[in-house]
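Shown next: start.txt, given as compact mmCIF, C-alpha atoms.
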# COMPACT_ATOMS: atom_id res chain seq x y z
CA MET A 243 -50.94 157.31 115.15
CA HIS A 244 -47.45 158.71 115.57
CA PRO A 245 -46.17 159.65 112.08
CA GLN A 246 -42.87 157.83 112.70
CA LEU A 247 -44.76 154.70 113.79
CA GLU A 248 -46.80 154.87 110.60
CA LEU A 249 -43.57 155.06 108.63
CA LEU A 250 -42.16 152.12 110.60
CA LEU A 251 -45.22 150.02 109.80
CA GLU A 252 -44.95 150.80 106.10
CA LEU A 253 -41.26 150.05 106.14
CA GLN A 254 -41.71 146.75 107.97
CA ASP A 255 -44.54 145.73 105.63
CA LEU A 256 -42.30 146.44 102.64
CA LYS A 257 -39.46 144.45 104.16
CA THR A 258 -41.90 141.58 104.77
CA GLN A 259 -42.95 141.77 101.13
CA ARG A 260 -39.32 141.74 100.07
CA ARG A 261 -38.49 138.76 102.28
CA SER A 262 -41.52 136.87 100.99
CA LEU A 263 -40.50 137.47 97.39
CA ALA A 264 -36.89 136.57 98.02
CA GLU A 265 -37.21 133.64 100.35
CA ASP A 266 -40.46 131.72 100.37
CA GLY A 267 -42.93 130.20 97.94
CA LEU A 268 -44.55 133.53 97.15
CA SER A 269 -42.03 134.17 94.40
CA GLU A 270 -43.23 131.09 92.52
CA VAL A 271 -46.89 132.11 92.78
CA GLU A 272 -46.14 135.71 91.83
CA SER A 273 -44.35 134.54 88.68
CA ALA A 274 -46.78 131.80 87.67
CA VAL A 275 -50.10 133.48 88.45
CA PHE A 276 -49.35 137.20 88.24
CA GLU A 277 -46.48 137.15 85.72
CA LEU A 278 -44.36 139.21 88.10
CA ARG A 279 -40.61 139.30 87.56
CA PRO A 280 -39.23 138.85 91.09
CA SER A 281 -35.80 140.31 90.34
CA GLU A 282 -37.31 143.54 88.99
CA ALA A 283 -39.80 143.67 91.84
CA LEU A 284 -37.00 143.28 94.41
CA GLU A 285 -35.12 146.16 92.86
CA ILE A 286 -38.19 148.42 93.08
CA LEU A 287 -38.84 147.35 96.67
CA ASP A 288 -35.23 148.01 97.68
CA GLY A 289 -35.49 151.55 96.33
CA LYS A 290 -38.73 152.18 98.21
CA ILE A 291 -37.34 150.71 101.44
CA GLU A 292 -34.31 152.97 101.21
CA GLU A 293 -36.50 156.00 100.55
CA LEU A 294 -38.78 155.30 103.52
CA ALA A 295 -35.86 154.54 105.85
CA GLY A 296 -34.40 157.90 104.91
CA ARG A 297 -37.50 159.59 106.29
CA LEU A 298 -37.08 158.08 109.77
CA GLU A 299 -35.68 160.37 112.46
CA ALA A 300 -32.05 159.52 113.26
CA PRO A 301 -32.58 157.70 116.61
CA VAL A 302 -35.56 155.76 115.25
CA ARG A 303 -33.62 154.81 112.15
CA ALA A 304 -30.63 153.70 114.21
CA ARG A 305 -32.81 151.41 116.35
CA PHE A 306 -34.70 150.11 113.33
CA SER A 307 -31.45 149.22 111.63
CA GLU A 308 -29.88 147.68 114.74
CA VAL A 309 -32.92 145.57 115.66
CA SER A 310 -33.49 144.52 112.04
CA GLN A 311 -29.94 143.24 111.86
CA SER A 312 -30.01 141.40 115.16
CA LEU A 313 -33.60 140.10 115.26
CA GLY A 314 -34.91 140.25 111.71
CA ARG A 315 -38.16 142.13 112.26
CA ALA A 316 -37.86 145.47 114.03
CA VAL A 317 -41.58 146.15 114.43
CA ALA A 318 -43.82 143.74 116.29
CA PRO A 319 -47.59 143.70 116.69
CA VAL A 320 -49.04 143.59 120.19
CA LEU A 321 -52.03 141.30 120.50
CA ASN A 322 -53.82 140.66 123.80
CA GLY A 323 -51.02 142.42 125.66
CA ILE A 324 -48.29 140.19 124.22
CA CYS A 325 -45.37 141.41 122.10
CA TYR A 326 -45.51 139.12 119.05
CA GLY A 327 -41.80 139.63 118.48
CA CYS A 328 -40.61 137.94 121.68
CA PHE A 329 -43.94 136.68 123.12
CA VAL A 330 -43.41 138.44 126.42
CA ALA A 331 -46.30 140.28 128.11
CA ILE A 332 -46.32 144.08 127.96
CA PRO A 333 -47.08 145.81 131.31
CA THR A 334 -50.91 145.91 131.59
CA ALA A 335 -51.33 149.58 132.46
CA TRP A 336 -49.22 150.54 129.48
CA SER A 337 -50.84 148.26 126.93
CA SER A 338 -54.41 149.25 127.79
CA GLU A 339 -53.76 152.96 127.45
CA VAL A 340 -55.92 154.90 124.99
CA GLY A 341 -53.96 156.35 122.07
CA ARG A 342 -51.06 153.98 122.68
CA ASN A 343 -50.11 154.10 118.97
CA ASP A 344 -49.82 157.87 119.21
CA ARG A 345 -46.28 157.54 120.51
CA ILE A 346 -43.28 155.35 119.78
CA ASN A 347 -43.32 152.34 122.11
CA VAL A 348 -40.52 149.83 122.42
CA CYS A 349 -40.67 146.36 123.97
CA ASP A 350 -38.67 146.34 127.21
CA HIS A 351 -37.70 142.74 126.58
CA CYS A 352 -36.67 142.52 122.90
CA GLY A 353 -36.33 146.16 121.91
CA ARG A 354 -38.67 145.97 118.94
CA PHE A 355 -40.96 148.86 118.11
CA LEU A 356 -44.50 148.01 119.13
CA TYR A 357 -47.71 148.41 117.18
CA TYR A 358 -50.95 147.76 119.03
CA VAL A 359 -53.41 145.90 116.83
CA ASP A 360 -57.03 146.38 117.90
CA MET B 1 -57.39 116.62 109.54
CA GLN B 2 -60.11 118.50 107.63
CA GLN B 3 -58.84 120.23 104.50
CA MET B 4 -58.93 124.02 104.41
CA GLN B 5 -61.88 125.38 102.42
CA LEU B 6 -62.04 128.90 100.97
CA ARG B 7 -65.63 129.15 102.20
CA ASP B 8 -64.37 129.23 105.79
CA PHE B 9 -62.45 132.48 105.24
CA PHE B 10 -65.28 134.57 103.79
CA SER B 11 -67.93 136.27 105.86
CA GLU B 12 -71.07 137.67 104.25
CA ASP B 13 -70.27 141.22 105.35
CA ALA B 14 -67.01 141.09 103.40
CA ILE B 15 -68.78 140.27 100.14
CA LYS B 16 -70.09 143.15 98.02
CA LEU B 17 -71.76 142.32 94.73
CA ASP B 18 -72.28 145.88 93.53
CA LEU B 19 -69.09 147.85 94.10
CA GLU B 20 -69.57 151.59 93.77
CA ALA B 21 -65.95 152.13 92.70
CA GLU B 22 -65.24 153.52 89.27
CA THR B 23 -61.46 153.15 89.40
CA LYS B 24 -58.93 150.58 90.57
CA ASP B 25 -57.93 152.71 93.57
CA GLU B 26 -61.53 153.23 94.59
CA ALA B 27 -62.16 149.50 94.33
CA LEU B 28 -59.16 148.70 96.54
CA LYS B 29 -60.37 151.24 99.12
CA GLU B 30 -63.90 149.89 99.02
CA LEU B 31 -62.70 146.32 99.53
CA VAL B 32 -60.38 147.34 102.36
CA GLY B 33 -63.39 149.09 103.90
CA LEU B 34 -65.18 145.75 104.10
CA LEU B 35 -62.64 144.45 106.61
CA GLY B 36 -63.81 146.65 109.48
CA LEU B 37 -60.41 148.16 110.31
CA ASP B 38 -59.88 151.61 111.79
CA GLU B 39 -59.28 154.50 109.40
CA LYS B 40 -55.51 154.65 109.83
CA SER B 41 -55.10 150.91 109.33
CA GLN B 42 -57.22 151.10 106.19
CA ALA B 43 -54.99 153.85 104.83
CA ILE B 44 -51.81 151.84 105.53
CA LEU B 45 -53.30 148.73 103.98
CA PHE B 46 -54.39 150.63 100.89
CA LYS B 47 -50.82 151.96 100.48
CA MET B 48 -49.37 148.45 100.73
CA LEU B 49 -51.84 147.09 98.18
CA LYS B 50 -50.98 149.97 95.86
CA ARG B 51 -47.29 149.23 96.25
CA ARG B 52 -47.94 145.63 95.26
CA GLU B 53 -49.97 146.80 92.25
CA ASN B 54 -47.11 149.08 91.28
CA LEU B 55 -44.86 146.03 90.97
CA GLY B 56 -47.33 144.51 88.51
CA SER B 57 -51.10 144.26 88.30
CA THR B 58 -52.86 141.51 90.24
CA GLY B 59 -55.46 141.34 87.48
CA ILE B 60 -54.88 137.75 86.33
CA GLY B 61 -57.15 137.96 83.30
CA ARG B 62 -60.62 136.56 82.63
CA ARG B 63 -62.16 139.49 84.52
CA ILE B 64 -60.54 138.50 87.82
CA ALA B 65 -58.08 140.34 90.10
CA ILE B 66 -56.54 139.14 93.33
CA PRO B 67 -54.93 142.09 95.17
CA HIS B 68 -52.92 140.75 98.09
CA CYS B 69 -50.30 141.68 100.68
CA ARG B 70 -49.06 141.01 104.17
CA SER B 71 -49.40 143.80 106.71
CA LEU B 72 -48.95 144.42 110.40
CA VAL B 73 -52.34 146.12 110.56
CA VAL B 74 -54.27 142.84 110.49
CA ASN B 75 -54.10 140.21 113.21
CA ARG B 76 -55.31 137.28 111.11
CA LEU B 77 -55.81 136.37 107.48
CA ARG B 78 -58.65 138.42 106.01
CA VAL B 79 -60.39 138.09 102.66
CA ALA B 80 -63.07 140.05 100.86
CA PHE B 81 -64.83 139.77 97.53
CA GLY B 82 -66.18 142.61 95.41
CA ARG B 83 -67.95 142.54 92.07
CA LYS B 84 -68.31 145.40 89.62
CA PRO B 85 -70.70 144.19 86.91
CA GLY B 86 -69.70 146.98 84.52
CA GLY B 87 -66.01 146.20 84.95
CA LEU B 88 -63.03 148.33 85.97
CA ASP B 89 -59.72 149.11 84.33
CA PHE B 90 -57.27 147.13 86.49
CA ASP B 91 -54.39 147.05 84.02
CA ALA B 92 -54.94 143.28 83.96
CA ILE B 93 -52.65 140.82 82.20
CA ASP B 94 -55.15 140.40 79.34
CA LYS B 95 -55.79 144.18 79.30
CA LYS B 96 -59.52 143.54 79.74
CA PRO B 97 -61.70 145.12 82.46
CA VAL B 98 -61.95 143.34 85.79
CA GLN B 99 -65.32 142.50 87.30
CA ASN B 100 -64.42 140.19 90.19
CA ILE B 101 -61.93 141.20 92.85
CA PHE B 102 -60.69 138.95 95.62
CA LEU B 103 -58.77 140.75 98.36
CA ILE B 104 -56.38 138.77 100.55
CA VAL B 105 -54.50 140.28 103.49
CA ALA B 106 -52.43 138.44 106.06
CA PRO B 107 -50.26 139.40 109.02
CA PRO B 108 -46.48 139.05 108.54
CA LEU B 109 -46.46 135.85 110.58
CA GLU B 110 -49.27 133.35 110.83
CA VAL B 111 -49.29 130.28 113.03
CA SER B 112 -51.14 128.21 110.44
CA ASN B 113 -49.48 129.81 107.41
CA GLN B 114 -52.62 130.09 105.30
CA TYR B 115 -51.70 133.04 103.10
CA LEU B 116 -50.07 131.17 100.23
CA PRO B 117 -52.56 128.27 100.16
CA VAL B 118 -55.48 130.73 100.13
CA LEU B 119 -53.86 132.78 97.37
CA GLY B 120 -53.25 129.60 95.38
CA LYS B 121 -56.79 128.33 95.88
CA ILE B 122 -58.36 131.59 94.76
CA ALA B 123 -56.12 131.63 91.68
CA GLN B 124 -57.14 128.03 90.95
CA PHE B 125 -60.81 128.91 91.44
CA GLY B 126 -60.47 131.87 89.07
CA LYS B 127 -58.96 129.68 86.36
CA GLU B 128 -61.95 127.35 86.14
CA SER B 129 -63.60 127.94 82.79
CA ASP B 130 -67.13 128.67 83.99
CA ILE B 131 -66.22 130.93 86.93
CA PRO B 132 -66.53 134.38 85.28
CA GLU B 133 -70.04 133.53 84.07
CA ARG B 134 -71.03 131.91 87.36
CA LEU B 135 -69.80 134.93 89.35
CA ALA B 136 -71.69 137.28 87.04
CA ALA B 137 -74.92 135.38 87.72
CA ILE B 138 -74.70 135.47 91.51
CA GLU B 139 -77.38 137.53 93.25
CA THR B 140 -76.59 137.16 96.95
CA PRO B 141 -73.53 136.64 99.15
CA GLU B 142 -75.01 133.26 100.11
CA GLU B 143 -74.85 132.21 96.47
CA PHE B 144 -71.22 133.28 96.31
CA LEU B 145 -70.42 131.12 99.32
CA ALA B 146 -72.39 128.25 97.86
CA LEU B 147 -70.36 128.51 94.64
CA LEU B 148 -67.12 128.22 96.61
CA GLU B 149 -68.49 125.15 98.35
CA GLU B 150 -69.72 123.63 95.09
CA LYS B 151 -66.29 124.03 93.52
CA GLY B 152 -64.71 122.37 96.54
CA VAL B 153 -61.84 124.83 96.75

Mind converting the file's structure to structure tokens?
Amino acid sequence: MHPQLELLLELQDLKTQRRSLAEDGLSEVESAVFELRPSEALEILDGKIEELAGRLEAPVRARFSEVSQSLGRAVAPVLNGICYGCFVAIPTAWSSEVGRNDRINVCDHCGRFLYYVD
Amino acid sequence: MQQMQLRDFFSEDAIKLDLEAETKDEALKELVGLLGLDEKSQAILFKMLKRRENLGSTGIGRRIAIPHCRSLVVNRLRVAFGRKPGGLDFDAIDKKPVQNIFLIVAPPLEVSNQYLPVLGKIAQFGKESDIPERLAAIETPEEFLALLEEKGV
């Protein structure tokens, strides 16, 4: 896997965790069952997100930031040849390539970074 | 519509009643290993689970832990169960060793949105008074599945 793609996945997963804690019912469960303090957890997550973002190469970081702001999620999984960000098919030859996660791929339609899930 | 049952999410090959792990990290890795993901995905998932643990332990007390996270490396909700009869230090809420670990991993977006209900059901299951003893007595994955069915969760 391309090291920058790995970083992007980690970053997107952390942002998902942050969003879940801040916006949906997870916060309630985390407090009630796991005795987590969401405000403290959000602070820790923000620090980690900033640290990881700082390790992205400049052009990757710029796209990540731009797409995150305009579309929410900047990294989308590809399942069965479909970008799960915009639900548009990825060109077949491209999506069936071996080692496709070894480089940075971007959806031609929505601009999200792509991660091929086996 | 038929109500969701925990039993439907567990497969026998993702149930391990004799974890080899001696530490919390080893247990997380061993459980992730039950999901059949490639090596890189396992490493990313382990990191995410660790980051969640760093926010606060998922050991809810009464010998039970429920590590959980959402990650892009899975394409559907996945669960696994591991038991360590001798117990592991999980930094649990009650500071006691953990013997029963339920792993829950979900993709960032799910059509049927099962992550929270499954998390809630496992927490509810773990709170039943006889569960730690019942889990300790189980000898096969089939018995584990039968217990979930019996409890109707």

Could the residues of chain B within 6 Å of chain A, counting all atoms listed in the file, be given as an MDAnalysis selection string, please?
chainID B and resid 55 58 60 71

Range 114-118 of chain B surroundings by all atoms listed in the file, 8 Å radius, close-in-sequence under 5 positions cut, as a list of chain:residue names
A:Gly267, A:Leu268, B:Leu6, B:Leu77, B:Ile104, B:Val105, B:Ala106

Considering all atoms listed in the file, state which residue in the set B:Phe125, B:Phe144, B:Phe46, B:Phe102 is at the smallest distance from Arg78 in chain B.
B:Phe102

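Between CA of Ala21 in chain B and CA of Arg63 in chain B there is a distance of 15.5 Å.
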
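Counting all atoms listed in the file and comparing B:Ala65, B:Ala80, B:Ala136, B:Val111, the residue that lies closest to Asp94 in chain B is B:Ala65.
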
One decimal, Å: what's the distance from CA of Gly82 in chain B over to CA of Lys50 in chain B, could you say?
16.9 Å

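As for CA of Ala316 in chain A and CA of Cys352 in chain A, they are spaced 9.4 Å apart.
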
From the options B:Leu34, B:Ala123, B:Val74, B:Val98, which residue's atoms come nearest to Glu22 in chain B, counting only C-alpha atoms?
B:Val98

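The residue that comes closest to Gly296 in chain A, out of A:Gln246, A:Ser281, A:Asn322, A:Asn347 and on the basis of only C-alpha atoms, is A:Gln246.
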
Considering only C-alpha atoms, state which residue in the set B:Leu72, B:Leu49, B:Leu35, B:Ile101 is at the smallest distance from Leu247 in chain A.
B:Leu72

Can range 40-60 of chain B be brought up to N, CA, C and O atoms and written out as a compact mmCIF listing (two decimals), in the coordinates of the input?
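Full text of rebuild-v6.txt as output:
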# COMPACT_ATOMS: atom_id res chain seq x y z
N LYS B 40 -56.95 154.61 110.06
CA LYS B 40 -55.51 154.65 109.83
C LYS B 40 -55.01 153.32 109.25
O LYS B 40 -54.20 153.29 108.33
N SER B 41 -55.51 152.23 109.82
CA SER B 41 -55.10 150.91 109.33
C SER B 41 -55.55 150.72 107.89
O SER B 41 -54.82 150.15 107.07
N GLN B 42 -56.74 151.21 107.58
CA GLN B 42 -57.22 151.10 106.19
C GLN B 42 -56.30 151.86 105.24
O GLN B 42 -55.98 151.37 104.15
N ALA B 43 -55.86 153.04 105.69
CA ALA B 43 -54.99 153.85 104.83
C ALA B 43 -53.65 153.14 104.60
O ALA B 43 -53.12 153.14 103.48
N ILE B 44 -53.10 152.55 105.65
CA ILE B 44 -51.81 151.84 105.53
C ILE B 44 -51.96 150.63 104.61
O ILE B 44 -51.13 150.37 103.74
N LEU B 45 -53.06 149.91 104.80
CA LEU B 45 -53.30 148.73 103.98
C LEU B 45 -53.47 149.10 102.50
O LEU B 45 -52.91 148.43 101.62
N PHE B 46 -54.20 150.17 102.26
CA PHE B 46 -54.39 150.63 100.89
C PHE B 46 -53.02 150.94 100.25
O PHE B 46 -52.75 150.55 99.11
N LYS B 47 -52.16 151.62 101.01
CA LYS B 47 -50.82 151.96 100.48
C LYS B 47 -50.05 150.69 100.11
O LYS B 47 -49.38 150.63 99.08
N MET B 48 -50.11 149.69 100.99
CA MET B 48 -49.37 148.45 100.73
C MET B 48 -49.92 147.75 99.48
O MET B 48 -49.15 147.23 98.67
N LEU B 49 -51.24 147.73 99.35
CA LEU B 49 -51.84 147.09 98.18
C LEU B 49 -51.45 147.83 96.90
O LEU B 49 -51.14 147.23 95.88
N LYS B 50 -51.40 149.16 97.00
CA LYS B 50 -50.98 149.97 95.86
C LYS B 50 -49.54 149.67 95.49
O LYS B 50 -49.18 149.58 94.32
N ARG B 51 -48.71 149.52 96.53
CA ARG B 51 -47.29 149.23 96.25
C ARG B 51 -47.15 147.89 95.55
O ARG B 51 -46.31 147.72 94.68
N ARG B 52 -47.97 146.93 95.95
CA ARG B 52 -47.94 145.63 95.26
C ARG B 52 -48.41 145.79 93.81
O ARG B 52 -47.82 145.22 92.89
N GLU B 53 -49.46 146.57 93.61
CA GLU B 53 -49.97 146.80 92.25
C GLU B 53 -48.93 147.50 91.39
O GLU B 53 -48.85 147.28 90.19
N ASN B 54 -48.14 148.36 92.03
CA ASN B 54 -47.11 149.08 91.28
C ASN B 54 -46.00 148.15 90.79
O ASN B 54 -45.28 148.48 89.85
N LEU B 55 -45.86 147.01 91.44
CA LEU B 55 -44.86 146.03 90.97
C LEU B 55 -45.37 145.29 89.74
O LEU B 55 -44.60 144.77 88.94
N GLY B 56 -46.69 145.23 89.62
CA GLY B 56 -47.33 144.51 88.51
C GLY B 56 -48.78 144.27 88.91
O GLY B 56 -49.04 143.95 90.07
N SER B 57 -49.68 144.39 87.96
CA SER B 57 -51.10 144.26 88.30
C SER B 57 -51.42 142.86 88.82
O SER B 57 -50.84 141.85 88.38
N THR B 58 -52.38 142.81 89.74
CA THR B 58 -52.86 141.51 90.24
C THR B 58 -54.10 141.07 89.46
O THR B 58 -54.78 140.13 89.88
N GLY B 59 -54.38 141.77 88.36
CA GLY B 59 -55.46 141.34 87.48
C GLY B 59 -54.94 140.17 86.65
O GLY B 59 -54.07 140.34 85.80
N ILE B 60 -55.46 138.96 86.94
CA ILE B 60 -54.88 137.75 86.33
C ILE B 60 -55.54 137.39 84.99
O ILE B 60 -55.22 136.37 84.39
